[in-house]
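In what follows, a structure is listed as structure tokens, so that the remarks can point back to it.
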There are 2 protein chains.
Amino acid sequence: MPQARTSTPRERYRTQVRAEIKEHAWEQIATAGASALSLNAIAKRMGMSGPALYRYFDGRDELITELIRDAYRSQADTLRAAAGAGADLAGLAHALRAWALADPQRYFLIFGTPVPGYHAPDDITEIAAETMAVILDACAARPSSDGVDGAFDAHLDTHRQWAGERPVPAPVLHRALSFWSRLHGVLSLELAGQFTGMGFDPALLFEAELKDLLGP
Amino acid sequence: MPQARTSTPRERYRTQVRAEIKEHAWEQIATAGASALSLNAIAKRMGMSGPALYRYFDGRDELITELIRDAYRSQADTLRAAAGAGADLAGLAHALRAWALADPQRYFLIFGTPVPGYHAPDDITEIAAETMAVILDACAARPSSDGVDGAFDAHLDTHRQWAGERPVPAPVLHRALSFWSRLHGVLSLELAGQFTGMGFDPALLFEAELKDLLGP
DNA sequence: CACTTTGGTTAGAAGCTATCACGAACATTA
DNA sequence: TAATGTTCGTGATAGCTTCTAACCAAAGTG
């Protein structure tokens, strides 16, 4: 059990209110999108008047940054939990898809349209690296041909600092990037509704891409 | 030559002003993103006061819808031009990438974060279908095994209304969807800056994905 | 020349973010 | 217990946004 002595009643209240604010923010984002997030609306729905929220967040940007942080953390936790439960690459893919479908706007908060001026804080890129680490480990666990066969593999062999200290062969790095980008391709198009009206089942396209990814 | 008699001076003025408004809108979108598009700022930069723009567009939504329409048209024209110049699937891929890199925010206007309430007008989906038609034709021009090999191919064989009347075999439909989703995967991640700081060249990942797509 | 349509203006309503100054509740210390 | 300091919430205000309404002038039309 964590030591509860260092948390004064005021701190507890503060963190509780912050959590409640984020709760309402998520609800609002899920229904109207991140661009329609209104501090005023959140405040009124919580029974207090506008400027009160500025006691808890420096402004709209800081709130959104915090939500982005939580989204990254949620994604990393989900994949880590799946990997911890013994999931292989296919299992990770399904976990990722379920996580994305559970809240599409949360997915787009991470992978959606970038705001030209915005630069994510360093700790966020660290959390993103954790997600990548889970994928990399799952890729390394799969048998693969060790030969460096393509120009990209040769390039990756000398540009691998994003993989940290892991001594994985270049084809594994390649597989991880393909895994990420292909699943993101299907998922983002599906979540954005680009497949609606086309008449086929996006889940089957996802499975087909995954099968091709893991296949021969 | 089109008959110029049906265009009165007033109509010419009107379309010219509309074009100028869209010009400024694109500039603003490219630098600050679509969410930061301000009718007021456009008006002031054009030397007239705010509400004047409402003579030309019903509101912000209609302007953005018009920009989205232009973006789709630009994409379709680009791909059609490439196909007309004899480009194969690889050529189309490179044309698409160049088009996306030329204006990332234009790409995200089409494929970026969807606004929950928004539904595109019918003519926009028609233009999107034109783009798909170009890709489908290029896919059909490639030699491919005719056997229906996967569950998804079987599914596509009975859910193919999105391909119109084209009598292409299911594997070709499958190839077109993979082409679209995989290239979108790499492109959107690159344009969103998800690869920055990782140290490898996104162009080479794009080439690797393309090669795998066209390969054996 | 008179009349209608069109383009532009200013004024204003309603909404948003964000800052400021003040009062009230709470916590801590003398 | 009393005094002091910190934190929370308020209303007022500035400045921005979209968008409507009322009005005026200019351009085209009978």
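To be explicit about the labels: the chains of the structure tokens are called A, B, and onward in the order shown, and within each one the residues are counted from 1, while ligands get numbers from 1 in the order they are shown.
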
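Least-squares fitting of chain A to chain B, using all C-alpha atoms matched in order, gives an RMSD of 0.1 Å.
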
Query - Distance-based interface of chain A with chain B, 9 Å, counting only C-alpha atoms, as a VMD selection string - result: chain A and resid 30 to 35 105 108 to 109 111 to 117 150 to 153 155 to 156 158 to 163 174 177 to 178 180 to 189 191 to 194 197 to 201 204 to 205 207 to 209

When you get a sec, could you note down which chain B residues fall within 8 Å of chain C, using only C-alpha atoms (C1' of nucleotides), as an mmCIF file with N, CA, C and O atoms, in the first residue's frame?
```
data_model
loop_
_atom_site.group_PDB
_atom_site.id
_atom_site.type_symbol
_atom_site.label_atom_id
_atom_site.label_comp_id
_atom_site.auth_asym_id
_atom_site.auth_seq_id
_atom_site.Cartn_x
_atom_site.Cartn_y
_atom_site.Cartn_z
ATOM 1 N N SER B 49 -14.241 44.030 -44.271
ATOM 2 C CA SER B 49 -14.591 43.723 -42.892
ATOM 3 C C SER B 49 -15.387 42.428 -42.809
ATOM 4 O O SER B 49 -16.139 42.059 -43.714
ATOM 5 N N ALA B 52 -18.551 40.609 -44.589
ATOM 6 C CA ALA B 52 -18.623 40.651 -46.053
ATOM 7 C C ALA B 52 -18.460 39.256 -46.656
ATOM 8 O O ALA B 52 -19.050 38.941 -47.692
ATOM 9 N N ARG B 55 -21.350 36.981 -47.876
ATOM 10 C CA ARG B 55 -21.981 37.105 -49.194
ATOM 11 C C ARG B 55 -21.476 36.025 -50.135
ATOM 12 O O ARG B 55 -22.106 35.720 -51.150
#
```

Set out as CSV a contact list for chain B and chain D with a cut-off of 9 Å, giving each residue of chain B that qualifies its closest atom pair and distance in Å to one decimal, counting only C-alpha atoms (C1' of nucleotides), ordered by chain and rising residue number.
```
residue,atom,partner,partner_atom,distance
B:Arg10,CA,D:DA27,C1',8.8
B:Ser38,CA,D:DT17,C1',7.7
B:Leu39,CA,D:DT18,C1',8.2
B:Asn40,CA,D:DT17,C1',8.0
B:Pro51,CA,D:DC19,C1',7.9
B:Tyr54,CA,D:DC19,C1',8.6
B:Gly59,CA,D:DC19,C1',7.8
B:Arg60,CA,D:DT18,C1',7.8
```

Kindly save the residues from that selection, with N, CA, C and O atoms included, as a PDB file, in the first residue's frame.
```
ATOM      1  N   ARG B  10     -20.555  40.521 -63.259  1.00  0.00           N
ATOM      2  CA  ARG B  10     -20.798  40.274 -61.830  1.00  0.00           C
ATOM      3  C   ARG B  10     -20.412  38.854 -61.443  1.00  0.00           C
ATOM      4  O   ARG B  10     -19.774  38.626 -60.428  1.00  0.00           O
ATOM      5  N   SER B  38      -9.765  31.299 -39.704  1.00  0.00           N
ATOM      6  CA  SER B  38     -10.610  32.380 -39.201  1.00  0.00           C
ATOM      7  C   SER B  38     -11.137  33.229 -40.349  1.00  0.00           C
ATOM      8  O   SER B  38     -10.367  33.829 -41.096  1.00  0.00           O
ATOM      9  N   LEU B  39     -12.458  33.274 -40.483  1.00  0.00           N
ATOM     10  CA  LEU B  39     -13.059  34.097 -41.529  1.00  0.00           C
ATOM     11  C   LEU B  39     -12.686  35.566 -41.327  1.00  0.00           C
ATOM     12  O   LEU B  39     -12.421  36.286 -42.290  1.00  0.00           O
ATOM     13  N   ASN B  40     -12.690  35.991 -40.087  1.00  0.00           N
ATOM     14  CA  ASN B  40     -12.331  37.372 -39.792  1.00  0.00           C
ATOM     15  C   ASN B  40     -10.937  37.712 -40.299  1.00  0.00           C
ATOM     16  O   ASN B  40     -10.732  38.741 -40.942  1.00  0.00           O
ATOM     17  N   PRO B  51     -18.144  40.457 -41.851  1.00  0.00           N
ATOM     18  CA  PRO B  51     -19.374  39.875 -42.402  1.00  0.00           C
ATOM     19  C   PRO B  51     -19.455  39.901 -43.920  1.00  0.00           C
ATOM     20  O   PRO B  51     -20.351  39.266 -44.487  1.00  0.00           O
ATOM     21  N   TYR B  54     -19.695  36.594 -45.804  1.00  0.00           N
ATOM     22  CA  TYR B  54     -20.923  35.794 -45.792  1.00  0.00           C
ATOM     23  C   TYR B  54     -21.750  36.013 -47.052  1.00  0.00           C
ATOM     24  O   TYR B  54     -22.745  35.334 -47.267  1.00  0.00           O
ATOM     25  N   GLY B  59     -20.920  30.249 -44.462  1.00  0.00           N
ATOM     26  CA  GLY B  59     -20.293  30.262 -43.151  1.00  0.00           C
ATOM     27  C   GLY B  59     -18.998  29.482 -43.196  1.00  0.00           C
ATOM     28  O   GLY B  59     -18.538  29.039 -44.252  1.00  0.00           O
ATOM     29  N   ARG B  60     -18.409  29.320 -42.047  1.00  0.00           N
ATOM     30  CA  ARG B  60     -17.139  28.621 -41.962  1.00  0.00           C
ATOM     31  C   ARG B  60     -17.259  27.194 -42.493  1.00  0.00           C
ATOM     32  O   ARG B  60     -16.382  26.712 -43.217  1.00  0.00           O
TER      33      ARG B  60
END
```

Query - Gap from atom CA of B:Ser144 to atom CA of B:Val172 - Å, one decimal - result: 7.5 Å

Requested in this report: Could you tell me, as a PyMOL selection string, which residues of stretch 41-189 of chain A DSSP assigns to alpha helix (DSSP H) when given the backbone?
Outcome: chain A and resi 41-45+60-84+89-102+104-111+122-141+151-158+170-189

Query raised in the report: By how many Å are atom CA of B:Leu136 and atom CA of B:Leu173 apart?
Result: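 Between atom CA of B:Leu136 and atom CA of B:Leu173 the gap works out to 7.0 Å.
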